[in-house]
Number of protein chains: 2
Amino acid sequence: MKKNVPTIRDVAAAAGVSTATVSKFMNGTQRFSPAVEAKITQVIEQLGYRSNPLAQSMITGRTKTVGLSVLDVTNPHFTSIVKGANRVAQAHGYTVLLVDTEENPGRERPQLEALARRVDGLIIFSRMQDKELEWLAGLDKPLVFFGRLPHLTLPTVASDDHRGAYMATRHLVTLGHKRIAYLGFSKSRRDEERMGGVQECLSAHGLQLQVFDAAAPSALEGERICSSIMLGADHPDALVCYNDLMALGFMKAAQTLGFRIPADISVTGFDNILYGNYTSPPLTTVDLHSERMGVAAMEKLLDAIDGRPTAPFTLIEPQLILRGSTVART
Amino acid sequence: MKKNVPTIRDVAAAAGVSTATVSKFMNGTQRFSPAVEAKITQVIEQLGYRSNPLAQSMITGRTKTVGLSVLDVTNPHFTSIVKGANRVAQAHGYTVLLVDTEENPGRERPQLEALARRVDGLIIFSRMQDKELEWLAGLDKPLVFFGRLPHLTLPTVASDDHRGAYMATRHLVTLGHKRIAYLGFSKSRRDEERMGGVQECLSAHGLQLQVFDAAAPSALEGERICSSIMLGADHPDALVCYNDLMALGFMKAAQTLGFRIPADISVTGFDNILYGNYTSPPLTTVDLHSERMGVAAMEKLLDAIDGRPTAPFTLIEPQLILRGSTVART
DNA sequence: TTGAAAGCGCTAACAA
DNA sequence: TTGTTAGCGCTTTCAA
C-alpha cells in the first residue's frame, strides 16, 4: 500500500473533469453545475485530496507565510510581540516563520535574505543601524520595521520611548528625587531615546543625570552592575532602568547588598513585563504595550501585502504603571 | 527598470550553458571544467541570482522548514523550548514555523494538517489526548511529540514529571511539613503525573494529600485561587504548584492576605522559569530543563528527517532547585 | 563534464 | 460552465 498523495490530476481523472475545473473548485473561483460540484466534492472526499501549497505558492507567488525576526524570543517584550503578531496572522490565515537573531547577529542579513523568498512579507526587529539596513529595500517584499528609521522610509511601528522615559523621570522628580540615574543599554537603538527623555526632564528641573551602561538587556546583567551603582560614595536615590529585566536584576542584587527598595532607591523599568508584578516591591514601569505593537505591525504588514493603504508610521503611546518600587522622598 | 528576479534560465543563457548545468552548480552536485565554473560564478554574481526555494521545494519535497506547535509562547516554559529548538534548527539551516495553539484549541488539527504540507517535520506540544491524536500518523511527516503517549508510538521527548514531583514533595516532607497540598491543573496531560508523584511520596510517609485544581496554568489564576487555599479552617503548611507561574501568583496573593512565605506556608513550583529568582522569597522549583527539551526535540526531529536512527523516547531528568520559598517546620 | 527533455502540482488565460 | 494549453522555476534521469 503506497502512500500516494493524490494530486489535482487524480481528482480530475476520477471525477471526469479537467484539472482546471478542479483547481477552480478548490479556490472557489467559479460556480459549477450541481452535477460537477457534487462529483468533485465526493471524489475529493474519497481520495482525501488537499492541494499542495508549495505548488500553489510557486505559481501565485503567495505563501500565506510571514517572517518575524526578533532579537530574543526569551525576552518577554519580544515574546509579547510575537504573541500579538501571531494572533493577527492566524486570524488571517497566515503562519509565522520565526527568526531569533540574537544567536548570531552577524548572519542576520543572509538569513533574512533567504527567508524573504519564502514569505509574503517580513516584520523585523533589528539592532542594525539605518545605514546597514538599506539592503532591506532590495528584498522587494512588504516590510514592517520596529522602531524609528530617520533615514529610511520603511513602514514602522514604534513606541514613544522618549515620552515614556520622560514620564517615568517626571514621576521620580515629582516624588522628590534629586539624584536620578539612568541604567542604559547603549547597544540598543532605543537607548538613546530613553536616555534623551530622562535627560530632558532632568534638565528642565535643573538636575544632573548620571548614566550607567549595561552590556546586555538582561536580569543577570542588572544584578551584575548593581554594585557599581550602589557602592559608590553617593549612590543615586532613583534609577531608571532600560528595561524591566535589568530592573528585576538590579532590585534583587540591591536587596542582597542590604539596600531597601524603594526606601534607599526608587527603581523604574520599561516594558511592563508580567513578572514585574511579582517582585517585592512590585516594579513601577513604562508599559510599551508590546503585544499591541505586534498586533499593529502584523496588521500593517497584511495591509501592505494585500495592497491596502496604510499609515507608514504607527506610534504607540506609552503608559506609566505605578507600583511599589517608587516612593516619595521626604 | 523592472524588478526581474533572474531565474536559472537567465543564468544559463548568459553563461552559455544549460539550466541543468547551472542547477548542478548551485547544488554542488558535480564537478566542472574551470572555464564553465568561472563563467557561471561570474554570471551568478553579476545577475545576483539566487535560486527560488519554492520551486526547489516543490521538486525535492524538502522545505528546510519545521513546524513547532506550542500551547502558549508567552509561558516561559514554552518560550525556552522554542529557544532551544530554534537554536538547533538554525544551526542546521532550518527555519521554524511557529504555531501557538492556545488561542483556539479547536482548530489545532486543521491547522497542523495544513502546516504539515509546508514543512519537513513537526514538533508538537498539545493538550489533546492519545485517542484524539491518532490522525497525526496520517500526516505522513516526521514528528516529535512532547510528553508521553502510552497508546501511540511516536517519537517523544518528555520530562520525568512524576519523579520531579516526588523530589519536591520529598523535600517538603523532609523539612517536616505535614499538611501538604497540591495545586494542580487537571487540563494538562502532565498534571496526573505530577499529582501522582506527590501522592506517592505522601503515601509513603503516611500523609494525606489535599488537592486544588486551577482553571489555567497562569500567575493570575494562582492569585485567584489563593484565598480558597489559605482561608479555610486549617490551611496547608506546604503547597506544590503545577508550575512556577501559578506559584508566583499564589505567593503574591498569600502575602497580600498577610501570610508569610515560607513561615506560614512553603511553596514549590515546576519549570524553573527565570522569574522565580526575582520574587521574595525566591521560588524553590523543579527544573525541567525546558530549553534542553526543545533542543532534544529538534535534534530528534532532524535525525528523523535525515533518516538517522534515533531513540524513540527521550526522558529528561528533573532537578530540584532549592531557594527561599521552602523552609523547615519546627 | 555537459545538455536535452521530461516533469513536480498547480494556475491562468483563452477557447469552446 | 468547462476544457485546453502553456507554463511557474527548478531538478533529474539519461544520453552525448
# chains A, B, ... in the order shown; residues from 1 in each chain; ligands from 1
$ select_by_dssp --residues "segment 22-223 of chain B" --states "strand (DSSP E or B)" --output "PyMOL selection string"
chain B and resi 65-70+95-100+121-124+143-146+156-159+180-184+209-213
$ interface_residues --of "chain A" --to "chain C" --cutoff "8 Å" --atoms "only C-alpha atoms (C1' of nucleotides)" --output "PyMOL selection string"
chain A and resi 7-8+20+23+52+55-56+59-60
$ write_last_selection --atoms "C-alpha atoms" --output "mmCIF file, in the first residue's frame"
data_model
loop_
_atom_site.group_PDB
_atom_site.id
_atom_site.type_symbol
_atom_site.label_atom_id
_atom_site.label_comp_id
_atom_site.auth_asym_id
_atom_site.auth_seq_id
_atom_site.Cartn_x
_atom_site.Cartn_y
_atom_site.Cartn_z
ATOM 1 C CA THR A 7 -2.786 15.267 -6.989
ATOM 2 C CA ILE A 8 -5.195 17.503 -8.730
ATOM 3 C CA ALA A 20 -8.629 23.415 -14.389
ATOM 4 C CA SER A 23 -8.493 23.996 -9.465
ATOM 5 C CA ASN A 52 -0.229 21.114 -2.450
ATOM 6 C CA ALA A 55 2.948 24.146 -5.990
ATOM 7 C CA GLN A 56 0.281 26.689 -5.361
ATOM 8 C CA ILE A 59 2.552 29.878 -9.245
ATOM 9 C CA THR A 60 0.692 32.501 -7.312
#
$ residues_around --residues "segment 31-41 of chain B" --least-positions-apart "6" --cutoff "10 Å" --atoms "only C-alpha atoms (C1' of nucleotides)" --output "PDB file with all heavy atoms, in the first residue's frame"
ATOM      1  N   VAL B  11      20.447  32.705 -16.100  1.00  0.00           N
ATOM      2  CA  VAL B  11      21.847  32.409 -15.814  1.00  0.00           C
ATOM      3  C   VAL B  11      22.415  31.495 -16.893  1.00  0.00           C
ATOM      4  O   VAL B  11      23.490  31.742 -17.446  1.00  0.00           O
ATOM      5  CB  VAL B  11      22.004  31.731 -14.436  1.00  0.00           C
ATOM      6  CG1 VAL B  11      23.456  31.341 -14.213  1.00  0.00           C
ATOM      7  CG2 VAL B  11      21.516  32.661 -13.337  1.00  0.00           C
ATOM      8  N   ALA B  12      21.650  30.462 -17.200  1.00  0.00           N
ATOM      9  CA  ALA B  12      22.109  29.512 -18.206  1.00  0.00           C
ATOM     10  C   ALA B  12      22.369  30.214 -19.531  1.00  0.00           C
ATOM     11  O   ALA B  12      23.424  30.020 -20.157  1.00  0.00           O
ATOM     12  CB  ALA B  12      21.063  28.417 -18.384  1.00  0.00           C
ATOM     13  N   ALA B  14      22.914  33.438 -20.136  1.00  0.00           N
ATOM     14  CA  ALA B  14      24.016  34.389 -20.059  1.00  0.00           C
ATOM     15  C   ALA B  14      25.377  33.695 -19.988  1.00  0.00           C
ATOM     16  O   ALA B  14      26.394  34.234 -20.418  1.00  0.00           O
ATOM     17  CB  ALA B  14      23.824  35.304 -18.856  1.00  0.00           C
ATOM     18  N   ALA B  15      25.380  32.506 -19.438  1.00  0.00           N
ATOM     19  CA  ALA B  15      26.659  31.810 -19.283  1.00  0.00           C
ATOM     20  C   ALA B  15      26.909  30.848 -20.434  1.00  0.00           C
ATOM     21  O   ALA B  15      27.966  30.223 -20.527  1.00  0.00           O
ATOM     22  CB  ALA B  15      26.676  31.056 -17.950  1.00  0.00           C
ATOM     23  N   GLY B  16      25.915  30.715 -21.301  1.00  0.00           N
ATOM     24  CA  GLY B  16      26.078  29.830 -22.433  1.00  0.00           C
ATOM     25  C   GLY B  16      26.142  28.360 -22.049  1.00  0.00           C
ATOM     26  O   GLY B  16      26.839  27.563 -22.668  1.00  0.00           O
ATOM     27  N   VAL B  17      25.414  28.004 -20.998  1.00  0.00           N
ATOM     28  CA  VAL B  17      25.347  26.588 -20.599  1.00  0.00           C
ATOM     29  C   VAL B  17      23.878  26.220 -20.434  1.00  0.00           C
ATOM     30  O   VAL B  17      23.000  27.054 -20.635  1.00  0.00           O
ATOM     31  CB  VAL B  17      26.082  26.338 -19.266  1.00  0.00           C
ATOM     32  CG1 VAL B  17      27.561  26.677 -19.402  1.00  0.00           C
ATOM     33  CG2 VAL B  17      25.448  27.129 -18.147  1.00  0.00           C
ATOM     34  N   THR B  21      23.105  22.372 -15.998  1.00  0.00           N
ATOM     35  CA  THR B  21      24.448  22.646 -15.506  1.00  0.00           C
ATOM     36  C   THR B  21      24.431  23.656 -14.361  1.00  0.00           C
ATOM     37  O   THR B  21      25.078  23.471 -13.333  1.00  0.00           O
ATOM     38  CB  THR B  21      25.319  23.195 -16.649  1.00  0.00           C
ATOM     39  OG1 THR B  21      25.309  22.246 -17.712  1.00  0.00           O
ATOM     40  CG2 THR B  21      26.738  23.412 -16.184  1.00  0.00           C
ATOM     41  N   VAL B  22      23.654  24.689 -14.555  1.00  0.00           N
ATOM     42  CA  VAL B  22      23.554  25.696 -13.508  1.00  0.00           C
ATOM     43  C   VAL B  22      22.984  25.068 -12.236  1.00  0.00           C
ATOM     44  O   VAL B  22      23.474  25.299 -11.132  1.00  0.00           O
ATOM     45  CB  VAL B  22      22.659  26.874 -13.945  1.00  0.00           C
ATOM     46  CG1 VAL B  22      22.550  27.891 -12.824  1.00  0.00           C
ATOM     47  CG2 VAL B  22      23.224  27.521 -15.194  1.00  0.00           C
ATOM     48  N   LYS B  24      23.109  21.994 -11.256  1.00  0.00           N
ATOM     49  CA  LYS B  24      24.125  21.158 -10.605  1.00  0.00           C
ATOM     50  C   LYS B  24      25.174  22.023  -9.918  1.00  0.00           C
ATOM     51  O   LYS B  24      25.678  21.694  -8.849  1.00  0.00           O
ATOM     52  CB  LYS B  24      24.785  20.245 -11.632  1.00  0.00           C
ATOM     53  CG  LYS B  24      23.860  19.129 -12.105  1.00  0.00           C
ATOM     54  CD  LYS B  24      24.437  18.437 -13.341  1.00  0.00           C
ATOM     55  CE  LYS B  24      23.392  17.609 -14.059  1.00  0.00           C
ATOM     56  NZ  LYS B  24      23.739  17.447 -15.489  1.00  0.00           N
ATOM     57  N   PHE B  25      25.482  23.107 -10.564  1.00  0.00           N
ATOM     58  CA  PHE B  25      26.470  24.012  -9.972  1.00  0.00           C
ATOM     59  C   PHE B  25      25.958  24.575  -8.645  1.00  0.00           C
ATOM     60  O   PHE B  25      26.656  24.576  -7.634  1.00  0.00           O
ATOM     61  CB  PHE B  25      26.763  25.163 -10.936  1.00  0.00           C
ATOM     62  CG  PHE B  25      27.712  26.182 -10.376  1.00  0.00           C
ATOM     63  CD1 PHE B  25      29.087  25.990 -10.445  1.00  0.00           C
ATOM     64  CD2 PHE B  25      27.224  27.319  -9.739  1.00  0.00           C
ATOM     65  CE1 PHE B  25      29.966  26.923  -9.906  1.00  0.00           C
ATOM     66  CE2 PHE B  25      28.100  28.253  -9.195  1.00  0.00           C
ATOM     67  CZ  PHE B  25      29.462  28.053  -9.276  1.00  0.00           C
ATOM     68  N   TYR B  49      21.863  36.273  -8.996  1.00  0.00           N
ATOM     69  CA  TYR B  49      20.930  35.145  -8.995  1.00  0.00           C
ATOM     70  C   TYR B  49      20.924  34.385  -7.677  1.00  0.00           C
ATOM     71  O   TYR B  49      21.956  34.147  -7.065  1.00  0.00           O
ATOM     72  CB  TYR B  49      21.277  34.169 -10.114  1.00  0.00           C
ATOM     73  CG  TYR B  49      20.495  32.883 -10.033  1.00  0.00           C
ATOM     74  CD1 TYR B  49      19.144  32.867 -10.348  1.00  0.00           C
ATOM     75  CD2 TYR B  49      21.107  31.717  -9.594  1.00  0.00           C
ATOM     76  CE1 TYR B  49      18.411  31.693 -10.250  1.00  0.00           C
ATOM     77  CE2 TYR B  49      20.383  30.531  -9.500  1.00  0.00           C
ATOM     78  CZ  TYR B  49      19.028  30.532  -9.830  1.00  0.00           C
ATOM     79  OH  TYR B  49      18.313  29.377  -9.716  1.00  0.00           O
TER      80      TYR B  49
ATOM     81  P    DT C   1      34.389  15.922 -13.830  1.00  0.00           P
ATOM     82  OP1  DT C   1      35.079  16.906 -13.010  1.00  0.00           O
ATOM     83  OP2  DT C   1      33.337  15.088 -13.266  1.00  0.00           O
ATOM     84  O5'  DT C   1      33.741  16.668 -15.079  1.00  0.00           O
ATOM     85  C5'  DT C   1      34.544  17.535 -15.838  1.00  0.00           C
ATOM     86  C4'  DT C   1      33.740  17.925 -17.035  1.00  0.00           C
ATOM     87  O4'  DT C   1      33.094  16.737 -17.570  1.00  0.00           O
ATOM     88  C3'  DT C   1      32.606  18.923 -16.741  1.00  0.00           C
ATOM     89  O3'  DT C   1      32.699  19.953 -17.713  1.00  0.00           O
ATOM     90  C2'  DT C   1      31.337  18.112 -16.893  1.00  0.00           C
ATOM     91  C1'  DT C   1      31.762  17.041 -17.892  1.00  0.00           C
ATOM     92  N1   DT C   1      30.994  15.751 -17.795  1.00  0.00           N
ATOM     93  C2   DT C   1      30.200  15.371 -18.857  1.00  0.00           C
ATOM     94  O2   DT C   1      30.090  16.018 -19.874  1.00  0.00           O
ATOM     95  N3   DT C   1      29.549  14.174 -18.667  1.00  0.00           N
ATOM     96  C4   DT C   1      29.604  13.348 -17.570  1.00  0.00           C
ATOM     97  O4   DT C   1      28.974  12.307 -17.528  1.00  0.00           O
ATOM     98  C5   DT C   1      30.455  13.819 -16.503  1.00  0.00           C
ATOM     99  C7   DT C   1      30.600  13.011 -15.260  1.00  0.00           C
ATOM    100  C6   DT C   1      31.109  14.985 -16.642  1.00  0.00           C
ATOM    101  P    DT C   2      31.823  21.237 -17.678  1.00  0.00           P
ATOM    102  OP1  DT C   2      32.469  22.320 -18.450  1.00  0.00           O
ATOM    103  OP2  DT C   2      31.454  21.429 -16.278  1.00  0.00           O
ATOM    104  O5'  DT C   2      30.546  20.773 -18.496  1.00  0.00           O
ATOM    105  C5'  DT C   2      30.506  21.006 -19.892  1.00  0.00           C
ATOM    106  C4'  DT C   2      29.264  20.395 -20.475  1.00  0.00           C
ATOM    107  O4'  DT C   2      29.034  19.096 -19.945  1.00  0.00           O
ATOM    108  C3'  DT C   2      27.970  21.163 -20.222  1.00  0.00           C
ATOM    109  O3'  DT C   2      27.670  21.883 -21.404  1.00  0.00           O
ATOM    110  C2'  DT C   2      26.931  20.093 -19.925  1.00  0.00           C
ATOM    111  C1'  DT C   2      27.667  18.794 -20.196  1.00  0.00           C
ATOM    112  N1   DT C   2      27.297  17.650 -19.337  1.00  0.00           N
ATOM    113  C2   DT C   2      26.488  16.672 -19.858  1.00  0.00           C
ATOM    114  O2   DT C   2      26.056  16.690 -20.998  1.00  0.00           O
ATOM    115  N3   DT C   2      26.208  15.643 -18.994  1.00  0.00           N
ATOM    116  C4   DT C   2      26.648  15.519 -17.690  1.00  0.00           C
ATOM    117  O4   DT C   2      26.328  14.546 -17.026  1.00  0.00           O
ATOM    118  C5   DT C   2      27.494  16.576 -17.208  1.00  0.00           C
ATOM    119  C7   DT C   2      28.034  16.539 -15.820  1.00  0.00           C
ATOM    120  C6   DT C   2      27.781  17.598 -18.041  1.00  0.00           C
TER     121       DT C   2
END
$ residues_around --residues "Val119 of chain B" --least-positions-apart "2" --cutoff "7 Å" --atoms "only C-alpha atoms (C1' of nucleotides)" --output "number ranges by chain"
B: 63, 65-67, 115-117, 121
$ write_last_selection --atoms "all heavy atoms" --output "PDB file, in the first residue's frame"
ATOM      1  N   THR B  63      11.630  21.378   2.405  1.00  0.00           N
ATOM      2  CA  THR B  63      11.398  22.809   2.553  1.00  0.00           C
ATOM      3  C   THR B  63      12.390  23.487   3.492  1.00  0.00           C
ATOM      4  O   THR B  63      12.384  24.704   3.627  1.00  0.00           O
ATOM      5  CB  THR B  63       9.992  23.080   3.116  1.00  0.00           C
ATOM      6  OG1 THR B  63       9.906  22.505   4.422  1.00  0.00           O
ATOM      7  CG2 THR B  63       8.932  22.488   2.223  1.00  0.00           C
ATOM      8  N   THR B  65      12.200  23.640   6.492  1.00  0.00           N
ATOM      9  CA  THR B  65      11.365  24.314   7.473  1.00  0.00           C
ATOM     10  C   THR B  65      10.740  23.251   8.373  1.00  0.00           C
ATOM     11  O   THR B  65      10.356  22.195   7.893  1.00  0.00           O
ATOM     12  CB  THR B  65      10.234  25.077   6.755  1.00  0.00           C
ATOM     13  OG1 THR B  65      10.799  26.053   5.900  1.00  0.00           O
ATOM     14  CG2 THR B  65       9.313  25.750   7.753  1.00  0.00           C
ATOM     15  N   VAL B  66      10.661  23.525   9.645  1.00  0.00           N
ATOM     16  CA  VAL B  66       9.968  22.591  10.534  1.00  0.00           C
ATOM     17  C   VAL B  66       8.918  23.341  11.321  1.00  0.00           C
ATOM     18  O   VAL B  66       9.102  24.503  11.664  1.00  0.00           O
ATOM     19  CB  VAL B  66      10.941  21.900  11.523  1.00  0.00           C
ATOM     20  CG1 VAL B  66      11.975  21.099  10.780  1.00  0.00           C
ATOM     21  CG2 VAL B  66      11.581  22.920  12.438  1.00  0.00           C
ATOM     22  N   GLY B  67       7.822  22.677  11.568  1.00  0.00           N
ATOM     23  CA  GLY B  67       6.743  23.292  12.336  1.00  0.00           C
ATOM     24  C   GLY B  67       6.932  23.032  13.815  1.00  0.00           C
ATOM     25  O   GLY B  67       7.356  21.944  14.213  1.00  0.00           O
ATOM     26  N   LEU B 115      -0.365  22.839   7.924  1.00  0.00           N
ATOM     27  CA  LEU B 115       1.043  23.115   8.125  1.00  0.00           C
ATOM     28  C   LEU B 115       1.920  21.971   7.631  1.00  0.00           C
ATOM     29  O   LEU B 115       3.006  22.188   7.067  1.00  0.00           O
ATOM     30  CB  LEU B 115       1.294  23.331   9.616  1.00  0.00           C
ATOM     31  CG  LEU B 115       2.555  24.078   9.954  1.00  0.00           C
ATOM     32  CD1 LEU B 115       2.427  25.505   9.447  1.00  0.00           C
ATOM     33  CD2 LEU B 115       2.796  24.062  11.443  1.00  0.00           C
ATOM     34  N   ALA B 116       1.451  20.770   7.848  1.00  0.00           N
ATOM     35  CA  ALA B 116       2.252  19.593   7.554  1.00  0.00           C
ATOM     36  C   ALA B 116       2.733  19.564   6.101  1.00  0.00           C
ATOM     37  O   ALA B 116       3.798  19.040   5.798  1.00  0.00           O
ATOM     38  CB  ALA B 116       1.444  18.334   7.860  1.00  0.00           C
ATOM     39  N   ARG B 117       1.966  20.169   5.219  1.00  0.00           N
ATOM     40  CA  ARG B 117       2.339  20.121   3.804  1.00  0.00           C
ATOM     41  C   ARG B 117       3.433  21.128   3.462  1.00  0.00           C
ATOM     42  O   ARG B 117       3.965  21.115   2.361  1.00  0.00           O
ATOM     43  CB  ARG B 117       1.110  20.392   2.924  1.00  0.00           C
ATOM     44  CG  ARG B 117      -0.098  19.570   3.269  1.00  0.00           C
ATOM     45  CD  ARG B 117      -0.338  18.355   2.414  1.00  0.00           C
ATOM     46  NE  ARG B 117       0.223  18.345   1.111  1.00  0.00           N
ATOM     47  CZ  ARG B 117      -0.409  17.912   0.040  1.00  0.00           C
ATOM     48  NH1 ARG B 117      -1.653  17.551   0.118  1.00  0.00           N
ATOM     49  NH2 ARG B 117       0.204  17.844  -1.115  1.00  0.00           N
ATOM     50  N   GLY B 121       8.897  18.482   8.846  1.00  0.00           N
ATOM     51  CA  GLY B 121       8.604  17.727  10.049  1.00  0.00           C
ATOM     52  C   GLY B 121       7.948  18.620  11.073  1.00  0.00           C
ATOM     53  O   GLY B 121       7.932  19.845  10.923  1.00  0.00           O
TER      54      GLY B 121
END
$ interface_residues --of "chain D" --to "chain A" --cutoff "7 Å" --atoms "only C-alpha atoms (C1' of nucleotides)" --output "MDAnalysis selection string"
chainID D and resid 1:3 8
$ interface_residues --of "chain B" --to "chain A" --cutoff "6 Å" --atoms "only C-alpha atoms" --output "mmCIF file with C-alpha atoms, in the first residue's frame"
data_model
loop_
_atom_site.group_PDB
_atom_site.id
_atom_site.type_symbol
_atom_site.label_atom_id
_atom_site.label_comp_id
_atom_site.auth_asym_id
_atom_site.auth_seq_id
_atom_site.Cartn_x
_atom_site.Cartn_y
_atom_site.Cartn_z
ATOM 1 C CA LEU B 54 9.757 27.410 -3.556
ATOM 2 C CA MET B 58 8.260 21.617 -4.898
ATOM 3 C CA THR B 74 4.081 33.575 26.418
ATOM 4 C CA THR B 79 9.417 30.125 25.273
ATOM 5 C CA VAL B 96 10.932 27.305 12.440
ATOM 6 C CA LEU B 97 7.296 27.807 11.574
ATOM 7 C CA LEU B 98 5.660 28.683 14.837
ATOM 8 C CA THR B 279 10.445 37.031 43.890
ATOM 9 C CA SER B 280 10.784 37.407 47.623
#
$ select_by_dssp --residues "segment 52-257 of chain B" --states "alpha helix (DSSP H)" --output "PyMOL selection string"
chain B and resi 53-60+76-91+108-116+161-174+191-204+219-230+244-256
$ closest_residue --among "B:Thr169, B:Gln42, B:Ser227, B:Gln129" --to "Glu200 of chain B" --atoms "only C-alpha atoms"
B:Thr169
$ residues_around --residues "segment 306-312 of chain B" --least-positions-apart "3" --cutoff "9 Å" --atoms "only C-alpha atoms (C1' of nucleotides)" --output "PDB file with N, CA and C atoms, in the first residue's frame"
ATOM      1  N   VAL B 144       7.770  14.792  16.228  1.00  0.00           N
ATOM      2  CA  VAL B 144       8.230  14.572  17.593  1.00  0.00           C
ATOM      3  C   VAL B 144       7.199  15.187  18.523  1.00  0.00           C
ATOM      4  N   THR B 153       2.851   5.268  19.248  1.00  0.00           N
ATOM      5  CA  THR B 153       4.291   5.037  19.151  1.00  0.00           C
ATOM      6  C   THR B 153       4.954   6.123  18.328  1.00  0.00           C
ATOM      7  N   LEU B 154       4.826   7.341  18.794  1.00  0.00           N
ATOM      8  CA  LEU B 154       5.518   8.450  18.162  1.00  0.00           C
ATOM      9  C   LEU B 154       6.798   8.718  18.933  1.00  0.00           C
ATOM     10  N   PRO B 155       7.793   9.266  18.245  1.00  0.00           N
ATOM     11  CA  PRO B 155       8.990   9.689  18.982  1.00  0.00           C
ATOM     12  C   PRO B 155       8.580  10.801  19.950  1.00  0.00           C
ATOM     13  N   THR B 156       9.061  10.706  21.155  1.00  0.00           N
ATOM     14  CA  THR B 156       8.685  11.725  22.134  1.00  0.00           C
ATOM     15  C   THR B 156       9.875  12.213  22.947  1.00  0.00           C
ATOM     16  N   VAL B 157       9.692  13.421  23.472  1.00  0.00           N
ATOM     17  CA  VAL B 157      10.636  13.977  24.430  1.00  0.00           C
ATOM     18  C   VAL B 157       9.798  14.351  25.639  1.00  0.00           C
ATOM     19  N   LYS B 300      16.074  15.335  17.587  1.00  0.00           N
ATOM     20  CA  LYS B 300      15.394  14.086  17.252  1.00  0.00           C
ATOM     21  C   LYS B 300      14.655  14.222  15.927  1.00  0.00           C
ATOM     22  N   LEU B 301      14.014  15.355  15.751  1.00  0.00           N
ATOM     23  CA  LEU B 301      13.266  15.564  14.512  1.00  0.00           C
ATOM     24  C   LEU B 301      14.189  15.596  13.297  1.00  0.00           C
ATOM     25  N   LEU B 302      15.284  16.317  13.428  1.00  0.00           N
ATOM     26  CA  LEU B 302      16.211  16.408  12.294  1.00  0.00           C
ATOM     27  C   LEU B 302      16.808  15.040  11.992  1.00  0.00           C
ATOM     28  N   ASP B 303      17.035  14.279  13.030  1.00  0.00           N
ATOM     29  CA  ASP B 303      17.516  12.908  12.813  1.00  0.00           C
ATOM     30  C   ASP B 303      16.498  12.141  11.976  1.00  0.00           C
TER      31      ASP B 303
END
$ residues_around --residues "segment 207-211 of chain B" --least-positions-apart "5" --cutoff "7 Å" --atoms "only C-alpha atoms (C1' of nucleotides)" --output "list in words"
Lys178, Ile180, Ala181, Tyr182, Leu183, Gln199 and Leu202 of chain B
$ residues_around --residues "segment 192-196 of chain A" --least-positions-apart "3" --cutoff "8 Å" --atoms "only C-alpha atoms (C1' of nucleotides)" --output "compact mmCIF listing (two decimals) with N, CA, C and O atoms, in the first residue's frame"
# COMPACT_ATOMS: atom_id res chain seq x y z
N ASP A 161 9.47 56.10 23.02
CA ASP A 161 10.40 55.83 24.12
C ASP A 161 10.83 57.11 24.84
O ASP A 161 10.99 57.12 26.06
N HIS A 162 11.00 58.14 24.08
CA HIS A 162 11.40 59.42 24.67
C HIS A 162 10.33 59.85 25.67
O HIS A 162 10.61 60.15 26.83
N ARG A 163 9.12 59.80 25.22
CA ARG A 163 8.00 60.21 26.06
C ARG A 163 7.88 59.31 27.28
O ARG A 163 7.65 59.78 28.40
N GLY A 164 8.00 58.02 27.08
CA GLY A 164 7.90 57.09 28.20
C GLY A 164 8.95 57.39 29.25
O GLY A 164 8.68 57.40 30.45
N ALA A 165 10.16 57.62 28.77
CA ALA A 165 11.25 57.91 29.71
C ALA A 165 10.99 59.22 30.44
O ALA A 165 11.25 59.35 31.64
N TYR A 166 10.46 60.15 29.70
CA TYR A 166 10.14 61.44 30.32
C TYR A 166 9.10 61.25 31.42
O TYR A 166 9.24 61.77 32.53
N TYR A 182 20.40 56.82 35.22
CA TYR A 182 19.82 56.01 34.14
C TYR A 182 20.73 54.82 33.88
O TYR A 182 21.93 55.00 33.63
N GLY A 184 21.36 52.35 31.30
CA GLY A 184 21.01 52.14 29.91
C GLY A 184 21.62 50.90 29.28
O GLY A 184 22.31 50.11 29.93
N SER A 186 23.37 50.78 25.72
CA SER A 186 23.69 51.62 24.57
C SER A 186 23.72 50.88 23.23
O SER A 186 23.69 51.49 22.19
N SER A 188 21.39 49.20 22.09
CA SER A 188 20.05 49.21 21.50
C SER A 188 19.77 50.53 20.81
O SER A 188 20.23 51.59 21.22
N ARG A 189 18.97 50.45 19.75
CA ARG A 189 18.64 51.65 19.02
C ARG A 189 17.69 52.55 19.83
O ARG A 189 17.50 53.71 19.51
N GLN A 199 16.98 62.70 30.29
CA GLN A 199 17.81 63.90 30.27
C GLN A 199 16.97 65.17 30.18
O GLN A 199 17.16 66.12 30.95
N GLU A 200 16.05 65.16 29.25
CA GLU A 200 15.24 66.35 29.04
C GLU A 200 14.48 66.73 30.30
O GLU A 200 14.44 67.90 30.69
N TYR A 242 16.77 50.61 31.71
CA TYR A 242 16.46 50.46 30.29
C TYR A 242 15.28 49.52 30.08
O TYR A 242 14.47 49.73 29.19
$ decode --residues "segment 265-271 of chain B" --atoms "N, CA and C atoms" --output "compact mmCIF listing (two decimals), in the first residue's frame"
# COMPACT_ATOMS: atom_id res chain seq x y z
N ILE B 265 3.63 29.13 55.02
CA ILE B 265 3.45 28.05 54.05
C ILE B 265 4.64 28.01 53.08
N SER B 266 5.17 26.83 52.90
CA SER B 266 6.24 26.65 51.93
C SER B 266 5.61 26.47 50.55
N VAL B 267 6.29 26.92 49.52
CA VAL B 267 5.74 26.83 48.17
C VAL B 267 6.81 26.31 47.20
N THR B 268 6.39 25.41 46.33
CA THR B 268 7.30 24.97 45.26
C THR B 268 6.59 25.04 43.92
N GLY B 269 7.36 25.17 42.86
CA GLY B 269 6.79 25.23 41.52
C GLY B 269 7.41 24.19 40.61
N PHE B 270 7.18 24.37 39.34
CA PHE B 270 7.72 23.50 38.31
C PHE B 270 8.17 24.37 37.15
N ASP B 271 9.25 24.06 36.55
CA ASP B 271 9.75 24.68 35.31
C ASP B 271 11.06 25.46 35.51
